[in-house]
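Novice: query.txt (compact mmCIF, C-alpha atoms) pasted underneath:
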# COMPACT_ATOMS: atom_id res chain seq x y z
CA MET V 100 -14.30 -3.93 9.60
CA ASN V 101 -10.66 -3.14 8.84
CA GLY V 102 -10.80 -5.01 5.57
CA LYS V 103 -13.98 -3.31 4.40
CA MET V 104 -12.65 0.13 5.25
CA LEU V 105 -9.39 -0.62 3.47
CA ILE V 106 -11.27 -1.70 0.36
CA ALA V 107 -13.53 1.36 0.49
CA GLY V 108 -10.49 3.62 0.71
CA LEU V 109 -8.79 1.90 -2.20
CA LEU V 110 -11.94 2.14 -4.34
CA VAL V 111 -12.30 5.88 -3.70
CA PHE V 112 -8.63 6.39 -4.46
CA LEU V 113 -8.64 4.41 -7.69
CA ALA V 114 -11.86 6.08 -8.85
CA ALA V 115 -10.45 9.53 -8.20
CA GLN V 116 -7.33 8.68 -10.15
CA SER V 117 -9.34 7.90 -13.26
CA TYR V 118 -10.75 11.43 -13.29
CA SER V 119 -9.62 13.02 -16.53
CA GLN V 120 -8.31 16.52 -17.03
CA SER V 121 -6.92 18.58 -19.86
CA THR V 122 -3.21 19.32 -19.52
CA SER V 123 -0.32 19.99 -21.81
CA LEU V 124 1.27 16.67 -20.86
CA PRO V 125 2.17 14.20 -23.63
CA ALA V 126 -0.29 11.51 -24.65
CA PRO V 127 -0.19 8.42 -22.43
CA HIS V 128 1.87 5.41 -23.45
CA ILE V 129 -0.01 2.15 -23.82
CA LYS V 130 2.07 -0.86 -22.81
CA VAL V 131 1.67 -4.58 -22.59
CA GLY V 132 3.74 -6.92 -20.46
CA LEU V 133 4.24 -10.58 -19.79
CA GLY V 134 6.15 -12.08 -16.92
CA TYR V 135 6.83 -14.73 -14.37
CA PHE V 136 4.71 -14.51 -11.22
CA SER V 137 5.59 -16.55 -8.20
CA GLU V 138 3.70 -16.69 -4.96
CA MET V 139 6.11 -16.99 -2.00
CA VAL V 140 8.96 -16.69 -4.58
CA LEU V 141 8.87 -20.41 -5.37
CA TYR V 142 5.36 -21.26 -6.49
CA PRO V 143 5.21 -20.52 -10.22
CA GLY V 144 2.73 -18.65 -12.32
CA LEU V 145 2.32 -16.10 -15.07
CA VAL V 146 1.13 -12.52 -15.24
CA LEU V 147 -0.13 -10.54 -18.22
CA GLU V 148 -0.51 -6.79 -17.97
CA VAL V 149 -1.83 -3.79 -19.83
CA GLU V 150 -0.63 -0.39 -18.72
CA ARG V 151 -1.47 3.22 -19.41
CA GLU V 152 1.46 5.39 -18.43
CA LYS V 153 0.98 9.14 -18.14
CA MET V 154 4.32 10.96 -18.19
CA GLN V 155 4.37 13.89 -15.76
CA SER V 156 7.90 14.95 -16.65
CA ASP V 157 10.78 13.33 -18.49
CA LYS V 158 11.46 11.24 -15.39
CA ILE V 159 8.21 10.86 -13.46
CA SER V 160 5.08 9.04 -14.57
CA LEU V 161 1.78 7.82 -13.17
CA PRO V 162 1.14 4.31 -14.51
CA GLN V 163 -2.30 2.70 -14.35
CA ARG V 164 -2.08 -1.04 -14.77
CA ALA V 165 -4.38 -4.04 -15.12
CA ASN V 166 -2.94 -7.46 -14.28
CA LEU V 167 -4.31 -10.87 -15.15
CA GLY V 168 -2.52 -13.95 -13.93
CA PHE V 169 -2.37 -17.21 -12.06
CA TYR V 170 -0.05 -19.19 -9.80
CA ASN V 171 0.06 -22.73 -8.53
CA HIS V 172 0.70 -23.35 -4.83
CA PRO V 173 1.31 -27.14 -4.70
CA ARG V 174 -0.71 -29.15 -2.18
CA ASN V 175 -2.81 -26.10 -1.46
CA HIS V 176 -4.44 -24.10 -4.24
CA MET V 177 -4.16 -22.58 -7.68
CA GLY V 178 -4.95 -18.87 -7.71
CA PHE V 179 -6.34 -16.86 -10.61
CA PHE V 180 -6.39 -13.12 -10.21
CA PHE V 181 -7.30 -9.87 -11.88
CA ASP V 182 -6.40 -6.54 -10.35
CA ILE V 183 -5.85 -2.88 -11.23
CA HIS V 184 -3.05 -0.68 -9.91
CA GLN V 185 -2.31 2.99 -9.59
CA GLY V 186 1.18 4.18 -8.78
CA THR V 187 4.22 6.26 -9.53
CA ARG V 188 7.36 5.52 -11.48
CA ARG V 189 10.64 7.36 -11.57
CA TYR V 190 13.22 6.93 -14.32
CA PHE V 191 16.89 7.65 -13.71
CA LYS V 192 19.51 8.77 -16.25
CA SER V 193 21.26 5.45 -15.86
CA GLY V 194 18.23 3.68 -17.27
CA PHE V 195 17.05 2.30 -13.94
CA MET V 196 13.58 2.98 -12.65
CA LEU V 197 11.78 2.65 -9.32
CA GLU V 198 8.03 2.35 -8.92
CA SER V 199 5.32 1.76 -6.38
CA ALA V 200 1.61 1.06 -6.68
CA VAL V 201 -1.47 0.13 -4.74
CA GLY V 202 -3.96 -2.25 -6.26
CA LEU V 203 -7.37 -3.80 -5.87
CA GLY V 204 -8.79 -6.84 -7.59
CA ALA V 205 -10.21 -10.31 -7.28
CA LEU V 206 -8.54 -13.61 -6.44
CA VAL V 207 -10.17 -16.91 -7.30
CA PRO V 208 -8.55 -19.91 -5.59
CA PHE V 209 -9.15 -23.50 -6.68
CA TYR V 210 -7.97 -26.00 -4.10
CA ASN V 211 -5.79 -28.73 -5.57
CA LYS V 212 -6.49 -31.29 -2.86
CA ASP V 213 -9.79 -32.78 -1.80
CA VAL V 214 -11.91 -30.47 0.30
CA TRP V 215 -14.26 -31.79 2.97
CA LYS V 216 -17.08 -30.16 4.84
CA VAL V 217 -18.88 -31.03 8.07
CA ASP V 218 -22.60 -30.29 8.25
CA GLU V 219 -24.71 -29.49 11.32
CA ASN V 220 -25.25 -33.21 12.02
CA GLY V 221 -21.54 -33.89 12.04
CA SER V 222 -21.51 -35.86 8.83
CA VAL V 223 -18.58 -35.31 6.48
CA SER V 224 -18.85 -34.95 2.72
CA LYS V 225 -16.76 -33.73 -0.16
CA ALA V 226 -17.01 -30.07 -1.05
CA SER V 227 -16.26 -28.10 -4.18
CA LYS V 228 -12.67 -27.18 -4.90
CA PHE V 229 -13.82 -23.76 -6.02
CA GLY V 230 -12.72 -21.37 -3.31
CA GLY V 231 -15.04 -18.51 -4.19
CA VAL V 232 -14.12 -15.02 -5.27
CA ASP V 233 -12.06 -13.05 -2.77
CA LEU V 234 -11.07 -9.43 -2.80
CA MET V 235 -7.38 -8.79 -3.38
CA PRO V 236 -5.91 -5.47 -2.20
CA SER V 237 -2.18 -5.21 -2.87
CA ILE V 238 1.00 -3.19 -2.60
CA THR V 239 3.62 -3.53 -5.33
CA LEU V 240 7.07 -2.03 -5.53
CA GLY V 241 9.42 -2.40 -8.43
CA ILE V 242 12.90 -1.86 -9.68
CA GLY V 243 13.67 -2.12 -13.37
CA PHE V 244 15.71 -1.06 -16.33
CA ARG V 245 14.55 0.96 -19.30
CA LEU V 246 15.61 -0.81 -22.49
CA ASN V 247 14.53 1.98 -24.84
CA LYS V 248 14.50 5.61 -23.74
CA GLU V 249 12.14 6.67 -26.53
CA THR V 250 9.44 4.12 -25.81
CA ASN V 251 10.16 3.28 -22.15
CA SER V 252 10.02 -0.45 -22.80
CA LEU V 253 11.48 -2.07 -19.73
CA ILE V 254 12.19 -5.13 -17.65
CA ALA V 255 11.24 -5.06 -13.98
CA LEU V 256 11.41 -6.99 -10.75
CA ARG V 257 8.27 -6.46 -8.73
CA PRO V 258 7.84 -7.78 -5.22
CA LYS V 259 4.19 -7.72 -4.27
CA ILE V 260 2.22 -8.18 -1.06
CA PHE V 261 -1.42 -9.02 -1.56
CA TRP V 262 -4.20 -9.94 0.78
CA GLN V 263 -6.91 -12.53 0.30
CA PHE V 264 -10.07 -11.18 1.90
CA PRO V 265 -12.06 -12.63 3.50
CA TYR V 266 -10.21 -15.70 4.66
CA ASN V 267 -11.53 -17.20 7.88
CA GLN V 268 -13.10 -13.77 8.49
CA ARG V 269 -9.69 -12.14 8.19
CA ALA V 270 -7.31 -11.05 5.43
CA LEU V 271 -4.68 -13.63 4.57
CA PRO V 272 -1.42 -12.01 3.39
CA HIS V 273 0.54 -13.49 0.50
CA SER V 274 3.89 -12.40 -0.85
CA ALA V 275 4.82 -12.65 -4.49
CA PHE V 276 7.69 -11.93 -6.79
CA GLN V 277 7.33 -10.88 -10.43
CA LEU V 278 9.86 -10.67 -13.25
CA ILE V 279 8.29 -8.98 -16.24
CA TYR V 280 9.00 -7.50 -19.63
CA VAL V 281 6.88 -4.50 -20.61
CA HIS V 282 6.66 -3.33 -24.21
CA THR V 283 5.32 0.01 -25.42
CA LEU V 284 2.84 -0.26 -28.29
CA MET B 224 8.92 -14.17 5.78
CA ASN B 225 5.91 -12.04 4.85
CA LYS B 226 6.78 -9.53 7.57
CA ILE B 227 10.37 -9.17 6.43
CA ALA B 228 9.16 -8.79 2.86
CA VAL B 229 6.83 -5.97 3.91
CA ILE B 230 9.63 -4.03 5.60
CA PHE B 231 11.86 -4.55 2.57
CA LEU B 232 9.15 -3.30 0.23
CA PHE B 233 8.54 -0.18 2.27
CA LEU B 234 12.27 0.62 2.42
CA ILE B 235 12.47 0.47 -1.37
CA GLY B 236 9.35 2.61 -1.64
CA LEU B 237 10.85 5.30 0.56
CA ALA B 238 13.96 5.36 -1.62
CA THR B 239 12.02 6.91 -4.51
CA SER B 240 13.25 10.48 -4.35
CA ALA B 241 12.64 14.15 -5.05
CA TYR B 242 12.56 17.09 -7.47
CA SER B 243 12.57 20.83 -8.40
CA GLN B 244 10.06 23.38 -6.99
CA LYS B 245 9.69 22.88 -3.23
CA ASN B 246 7.26 23.70 -0.46
CA TRP B 247 7.70 23.23 3.26
CA ASN B 248 4.36 22.31 4.79
CA LEU B 249 3.18 21.96 8.36
CA GLY B 250 0.06 19.96 9.09
CA ALA B 251 -2.05 18.82 12.00
CA GLY B 252 -5.18 16.81 12.36
CA TYR B 253 -7.43 14.38 14.12
CA PHE B 254 -6.37 10.76 14.09
CA GLY B 255 -8.94 8.11 14.86
CA GLN B 256 -7.78 4.56 15.16
CA GLN B 257 -10.66 2.46 13.83
CA ALA B 258 -12.04 5.95 13.12
CA THR B 259 -13.32 6.36 16.67
CA TYR B 260 -10.46 5.89 19.15
CA PRO B 261 -9.22 9.47 19.34
CA GLY B 262 -5.80 10.90 18.79
CA ALA B 263 -3.88 13.53 16.87
CA VAL B 264 -1.10 13.84 14.33
CA LEU B 265 1.47 16.51 13.59
CA GLN B 266 3.29 16.55 10.27
CA LEU B 267 6.22 18.28 8.67
CA GLU B 268 6.29 17.88 4.92
CA TYR B 269 8.76 18.62 2.19
CA GLU B 270 6.79 18.80 -1.04
CA SER B 271 8.68 18.85 -4.32
CA PHE B 272 6.75 19.50 -7.53
CA VAL B 273 7.22 17.51 -10.71
CA ASN B 274 4.89 19.81 -12.59
CA GLU B 275 1.99 22.11 -11.77
CA ASN B 276 -0.32 19.22 -10.95
CA LEU B 277 1.92 16.61 -9.40
CA SER B 278 4.15 16.67 -6.35
CA LEU B 279 6.18 14.14 -4.39
CA PRO B 280 5.75 14.87 -0.68
CA LEU B 281 8.20 13.54 1.89
CA ARG B 282 6.48 13.65 5.26
CA ALA B 283 7.57 13.15 8.85
CA GLU B 284 4.64 12.41 11.11
CA VAL B 285 4.25 11.98 14.84
CA GLY B 286 1.01 11.00 16.43
CA PHE B 287 -0.81 9.35 19.27
CA TYR B 288 -4.12 7.74 20.00
CA ASN B 289 -5.94 6.40 22.99
CA HIS B 290 -7.48 2.96 22.64
CA ASN B 291 -10.21 2.74 25.26
CA LYS B 292 -9.55 0.32 28.14
CA SER B 293 -6.55 -1.14 26.37
CA HIS B 294 -3.53 0.97 25.56
CA ASN B 295 -2.12 4.28 24.43
CA VAL B 296 0.03 4.50 21.36
CA LEU B 297 2.70 6.90 20.15
CA THR B 298 3.79 6.73 16.52
CA ALA B 299 6.55 8.30 14.46
CA ASP B 300 7.14 7.58 10.81
CA ILE B 301 8.41 8.92 7.52
CA GLN B 302 6.17 8.74 4.48
CA ARG B 303 6.95 9.08 0.82
CA GLY B 304 4.36 9.37 -1.92
CA TYR B 305 2.74 11.51 -4.53
CA ARG B 306 -0.04 14.07 -4.63
CA LYS B 307 -2.03 14.83 -7.73
CA TYR B 308 -3.86 18.16 -7.95
CA PHE B 309 -6.85 18.63 -10.22
CA SER B 310 -8.02 21.85 -11.84
CA ASN B 311 -11.06 22.00 -9.55
CA SER B 312 -8.73 22.24 -6.49
CA LEU B 313 -9.33 18.67 -5.38
CA PHE B 314 -6.34 16.43 -4.92
CA VAL B 315 -5.64 12.76 -4.29
CA GLU B 316 -2.53 11.31 -2.76
CA GLN B 317 -0.91 8.06 -1.81
CA SER B 318 2.16 7.30 0.22
CA PHE B 319 4.14 4.54 1.84
CA GLY B 320 5.59 4.94 5.30
CA LEU B 321 7.96 3.30 7.70
CA GLY B 322 8.34 4.11 11.36
CA VAL B 323 7.90 2.93 14.89
CA MET B 324 4.91 2.38 17.15
CA LEU B 325 5.20 2.56 20.94
CA SER B 326 2.34 0.89 22.77
CA PHE B 327 1.70 1.53 26.48
CA TYR B 328 -0.62 -1.17 27.83
CA ARG B 329 -2.75 -0.50 30.88
CA GLU B 330 -2.95 -4.12 31.86
CA LYS B 331 -0.56 -7.02 31.64
CA PHE B 332 0.19 -7.58 27.99
CA TRP B 333 1.10 -11.16 27.20
CA HIS B 334 3.19 -12.06 24.24
CA GLU B 335 3.51 -15.64 23.09
CA HIS B 336 6.78 -16.44 21.35
CA GLU B 337 7.24 -19.04 18.63
CA ASP B 338 8.59 -21.51 21.19
CA GLU B 339 5.32 -20.99 23.14
CA THR B 340 7.02 -19.25 26.05
CA LEU B 341 5.17 -16.26 27.45
CA THR B 342 6.41 -12.86 28.51
CA TYR B 343 4.36 -9.93 29.70
CA PHE B 344 4.78 -6.19 29.77
CA LEU B 345 3.32 -3.73 32.23
CA ASN B 346 3.78 0.01 31.99
CA THR B 347 6.70 -0.46 29.66
CA PRO B 348 6.37 0.55 26.06
CA VAL B 349 6.30 -2.18 23.46
CA VAL B 350 8.24 -1.01 20.42
CA ASP B 351 7.30 -2.26 16.96
CA PHE B 352 8.04 -1.44 13.36
CA MET B 353 5.18 0.33 11.66
CA PRO B 354 5.03 0.08 7.87
CA SER B 355 2.00 1.86 6.47
CA THR B 356 0.24 3.03 3.39
CA THR B 357 -1.90 6.14 3.31
CA LEU B 358 -4.54 7.19 0.81
CA GLY B 359 -5.86 10.71 0.86
CA LEU B 360 -8.43 12.98 -0.69
CA GLY B 361 -8.48 16.72 -0.15
CA TYR B 362 -9.14 20.24 -1.25
CA ASN B 363 -6.65 23.04 -1.83
CA LEU B 364 -8.06 26.31 -0.49
CA SER B 365 -5.29 28.25 -2.18
CA LYS B 366 -4.99 28.64 -5.93
CA ASP B 367 -1.27 29.22 -5.57
CA ARG B 368 0.89 26.10 -5.47
CA HIS B 369 3.58 28.10 -3.65
CA SER B 370 1.35 28.55 -0.61
CA ASN B 371 -0.89 25.56 -0.35
CA ASP B 372 -3.69 25.41 2.20
CA LEU B 373 -4.86 21.84 2.15
CA LEU B 374 -7.86 20.29 3.83
CA TRP B 375 -7.61 16.52 3.73
CA VAL B 376 -9.11 13.21 4.74
CA ARG B 377 -6.68 10.31 4.87
CA THR B 378 -7.04 6.63 5.54
CA LYS B 379 -3.92 5.10 6.97
CA ILE B 380 -3.44 1.36 7.06
CA SER B 381 -0.56 0.37 9.31
CA TRP B 382 0.96 -2.80 10.64
CA GLN B 383 2.44 -3.48 14.07
CA LEU B 384 5.45 -5.67 13.39
CA PHE B 385 6.27 -7.95 15.03
CA SER B 386 3.74 -7.98 17.89
CA ARG B 387 0.73 -8.32 15.63
CA GLU B 388 0.12 -10.44 12.59
CA LEU B 389 0.37 -9.11 9.08
CA SER B 390 -3.21 -10.20 8.55
CA LYS B 391 -4.37 -7.73 11.21
CA PRO B 392 -3.58 -4.22 10.04
CA TYR B 393 -4.77 -1.14 11.89
CA PHE B 394 -7.08 1.26 10.16
CA GLY B 395 -6.79 4.96 10.94
CA LEU B 396 -8.90 7.86 9.76
CA MET B 397 -7.28 11.30 9.67
CA ILE B 398 -8.88 14.68 9.05
CA GLY B 399 -6.64 17.71 9.05
CA TYR B 400 -5.17 20.85 7.59
CA THR B 401 -1.79 21.55 6.02
CA HIS B 402 -0.27 24.97 5.41
CA SER B 403 2.80 25.92 3.37
CA PHE B 404 5.24 28.31 4.97
Can I see the file as structure tokens?
Specialist:
Amino acid sequence: MNGKMLIAGLLVFLAAQSYSQSTSLPAPHIKVGLGYFSEMVLYPGLVLEVEREKMQSDKISLPQRANLGFYNHPRNHMGFFFDIHQGTRRYFKSGFMLESAVGLGALVPFYNKDVWKVDENGSVSKASKFGGVDLMPSITLGIGFRLNKETNSLIALRPKIFWQFPYNQRALPHSAFQLIYVHTL
Amino acid sequence: MNKIAVIFLFLIGLATSAYSQKNWNLGAGYFGQQATYPGAVLQLEYESFVNENLSLPLRAEVGFYNHNKSHNVLTADIQRGYRKYFSNSLFVEQSFGLGVMLSFYREKFWHEHEDETLTYFLNTPVVDFMPSTTLGLGYNLSKDRHSNDLLWVRTKISWQLFSRELSKPYFGLMIGYTHSF
């Protein structure tokens, strides 16, 4: 129940954020990024992102981001994911920036060892390595440095906690670490 | 490691700081753990505006709830986030929080340590860290940003570290009112 309510809340929140309005704010920046993604810090992967950043002042923005990526957890699984994020970002005069975001997406694990199943009669047989499609709510925080003040291209470190739901009828938490370069188009 | 990472993340999130036009807000509301176990929250909020439609509230919140046949809980935390107002008076908000949770169990509460030893608590509060994230949707009854009257519904997902696993967050539903003074 907790997991479903969490997902419902995230969906309402993300949907509400996409509501458009007319303001005198500057046009959004469109950015693309590529970076290293590691589950549990050590297990390597890649992440590709597309971002729409709406500046709210010269220092505060509301980025909306889509991430596509994968990681390889040896002797366990390889995970492919796609998720969307909504958050805030603050730029400092020094060039540093801080950000936070909540996200929701899908995680597709493929087990990289043999998987076995036991049927009702107790007989054992091999099962598919495809782990199904799980929901993936997440929380991401970031610290980075703005390389170009005009375009806001940046490099960022982003620790991320994401949950794999359902997993044995619960949500399995994962931690991840991302190092990414983001370029403004 | 996941639990330590969560606390670290929430500390960084809270470090994101404030701006120009300010409101002091006082709020109160119903808090339902799992939506139905009843309680209440009281909030003091410092809301700084980035522009007419976006603010960065810093909120201190105390609350309690009564979990039937199990335990009573007191909570206190500080939340940092943003609130986006729309021209039709609706607003959405999101925040991260970090605080403490005090649980008063009515029966013997057993805790199994990593070395498999057991301890139990009875009528003594169990103190835990409580990172959280809150998503909200609401309506501003006032057209004036300097004197907001906000009706809101918030979902709060919180964790009880380290007594409860990271995979078992609590879900809270809050309905309340906030007034600027």
Novice: To one decimal place in Å, what is the distance between atom CA of Tyr288 of chain B and atom CA of His402 of chain B?
Specialist: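 So the answer is 22.9 Å.
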Novice: Show which residues sit within 9 Å of segment 268-282 of chain V, as an MDAnalysis selection string. Count only C-alpha atoms, and ignore same-chain residues fewer than 6 positions away.
Specialist: (chainID V and resid 102 129:142 145:150 241 250:262) or (chainID B and resid 224:225 228:229 389:391)
Novice: Put those residues in a file: C-alpha atoms, as a JSON list (two decimals), keeping the file's coordinate frame.
Specialist:
[["chain", "number", "residue", "atom", "x", "y", "z"],
["V", 102, "GLY", "CA", -10.80, -5.01, 5.57],
["V", 129, "ILE", "CA", -0.01, 2.15, -23.82],
["V", 130, "LYS", "CA", 2.07, -0.86, -22.81],
["V", 131, "VAL", "CA", 1.67, -4.58, -22.59],
["V", 132, "GLY", "CA", 3.74, -6.92, -20.46],
["V", 133, "LEU", "CA", 4.24, -10.58, -19.79],
["V", 134, "GLY", "CA", 6.15, -12.08, -16.92],
["V", 135, "TYR", "CA", 6.83, -14.73, -14.37],
["V", 136, "PHE", "CA", 4.71, -14.51, -11.22],
["V", 137, "SER", "CA", 5.59, -16.55, -8.20],
["V", 138, "GLU", "CA", 3.70, -16.69, -4.96],
["V", 139, "MET", "CA", 6.11, -16.99, -2.00],
["V", 140, "VAL", "CA", 8.96, -16.69, -4.58],
["V", 141, "LEU", "CA", 8.87, -20.41, -5.37],
["V", 142, "TYR", "CA", 5.36, -21.26, -6.49],
["V", 145, "LEU", "CA", 2.32, -16.10, -15.07],
["V", 146, "VAL", "CA", 1.13, -12.52, -15.24],
["V", 147, "LEU", "CA", -0.13, -10.54, -18.22],
["V", 148, "GLU", "CA", -0.51, -6.79, -17.97],
["V", 149, "VAL", "CA", -1.83, -3.79, -19.83],
["V", 150, "GLU", "CA", -0.63, -0.39, -18.72],
["V", 241, "GLY", "CA", 9.42, -2.40, -8.43],
["V", 250, "THR", "CA", 9.44, 4.12, -25.81],
["V", 251, "ASN", "CA", 10.16, 3.28, -22.15],
["V", 252, "SER", "CA", 10.02, -0.45, -22.80],
["V", 253, "LEU", "CA", 11.48, -2.07, -19.73],
["V", 254, "ILE", "CA", 12.19, -5.13, -17.65],
["V", 255, "ALA", "CA", 11.24, -5.06, -13.98],
["V", 256, "LEU", "CA", 11.41, -6.99, -10.75],
["V", 257, "ARG", "CA", 8.27, -6.46, -8.73],
["V", 258, "PRO", "CA", 7.84, -7.78, -5.22],
["V", 259, "LYS", "CA", 4.19, -7.72, -4.27],
["V", 260, "ILE", "CA", 2.22, -8.18, -1.06],
["V", 261, "PHE", "CA", -1.42, -9.02, -1.56],
["V", 262, "TRP", "CA", -4.20, -9.94, 0.78],
["B", 224, "MET", "CA", 8.92, -14.17, 5.78],
["B", 225, "ASN", "CA", 5.91, -12.04, 4.85],
["B", 228, "ALA", "CA", 9.16, -8.79, 2.86],
["B", 229, "VAL", "CA", 6.83, -5.97, 3.91],
["B", 389, "LEU", "CA", 0.37, -9.11, 9.08],
["B", 390, "SER", "CA", -3.21, -10.20, 8.55],
["B", 391, "LYS", "CA", -4.37, -7.73, 11.21]]
Novice: Of the residues B:Asp367, B:Glu284, B:Glu268, B:Glu316, which is the one nearest to chain V, using only C-alpha atoms?
Specialist: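 Using only C-alpha atoms, chain V sits closest to B:Glu316.
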Novice: For Asp213 of chain V, list every protein, DNA or RNA residue within 8 Å, evaluated using all atoms listed in the file, and leave out those in the same chain fewer than 3 positions away; present the list as an MDAnalysis selection string.
Specialist: chainID V and resid 210 225:226 228
Novice: Which residues, written as a list in words, have at least one atom at most 8 Å from Phe327 of chain B, with only C-alpha atoms counted and residues fewer than 2 positions away on the same chain left out?
Specialist: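 Residues meeting the cut-off are His294, Asn295, Val296, Leu325, Arg329, Leu345, Asn346, Thr347, Pro348 and Val349 of chain B.
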Novice: Quick one: everything within 9 Å of segment 173-177 of chain V, counting only C-alpha atoms, minus sequence neighbours fewer than 4 positions away in the same chain. Send it as a list of chain:residue names.
Specialist: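 Near segment 173-177 of chain V, the qualifying residues are V:Tyr142, V:Phe169, V:Val207, V:Pro208, V:Phe209, V:Tyr210, V:Asn211, V:Lys212, V:Lys228, V:Gly230.
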Novice: Just checking: using all atoms listed in the file, which residue out of V:Lys158, V:His172, V:Arg151, V:Lys216 ends up closest to His184 of chain V?
Specialist: V:Arg151
Novice: Can you work out the spacing between atom CA of Leu396 of chain B and atom CA of Gly322 of chain B in Å, to one decimal?
Specialist: 17.7 Å
Novice: Would you list the contacts of Phe254 of chain B as a ChimeraX atom specification, taking every protein, DNA or RNA residue within 12 Å and counting all atoms listed in the file, but skipping same-chain residues closer than 3 positions in sequence?
Specialist: /B:251,257-266,284-290,296-298,375-379,394-399
Novice: Would you mind exporting the chosen residues as a compact mmCIF listing (two decimals), keeping the file's coordinate frame, restricted to C-alpha atoms?
Specialist:
# COMPACT_ATOMS: atom_id res chain seq x y z
CA ALA B 251 -2.05 18.82 12.00
CA GLN B 257 -10.66 2.46 13.83
CA ALA B 258 -12.04 5.95 13.12
CA THR B 259 -13.32 6.36 16.67
CA TYR B 260 -10.46 5.89 19.15
CA PRO B 261 -9.22 9.47 19.34
CA GLY B 262 -5.80 10.90 18.79
CA ALA B 263 -3.88 13.53 16.87
CA VAL B 264 -1.10 13.84 14.33
CA LEU B 265 1.47 16.51 13.59
CA GLN B 266 3.29 16.55 10.27
CA GLU B 284 4.64 12.41 11.11
CA VAL B 285 4.25 11.98 14.84
CA GLY B 286 1.01 11.00 16.43
CA PHE B 287 -0.81 9.35 19.27
CA TYR B 288 -4.12 7.74 20.00
CA ASN B 289 -5.94 6.40 22.99
CA HIS B 290 -7.48 2.96 22.64
CA VAL B 296 0.03 4.50 21.36
CA LEU B 297 2.70 6.90 20.15
CA THR B 298 3.79 6.73 16.52
CA TRP B 375 -7.61 16.52 3.73
CA VAL B 376 -9.11 13.21 4.74
CA ARG B 377 -6.68 10.31 4.87
CA THR B 378 -7.04 6.63 5.54
CA LYS B 379 -3.92 5.10 6.97
CA PHE B 394 -7.08 1.26 10.16
CA GLY B 395 -6.79 4.96 10.94
CA LEU B 396 -8.90 7.86 9.76
CA MET B 397 -7.28 11.30 9.67
CA ILE B 398 -8.88 14.68 9.05
CA GLY B 399 -6.64 17.71 9.05
Novice: When distances are computed from all atoms listed in the file, which of V:Asn166, V:Asn267, V:Ser199, V:Ser160 shows the smallest separation from chain B?
Specialist: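 Smallest separation from chain B among the options: V:Ser199.
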Novice: Quick one: of V:Val232, V:Ile183, V:Leu197, V:Leu206, who's nearest to chain B, counting all atoms listed in the file?
Specialist: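 Answer, going by the shortest atom-to-atom distance: V:Leu197.
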Novice: Measure the distance from atom CA of Asn291 of chain B to atom CA of Gln383 of chain B in Å and round it to one decimal.
Specialist: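 Result for atom CA of Asn291 of chain B versus atom CA of Gln383 of chain B: 18.0 Å, one decimal.
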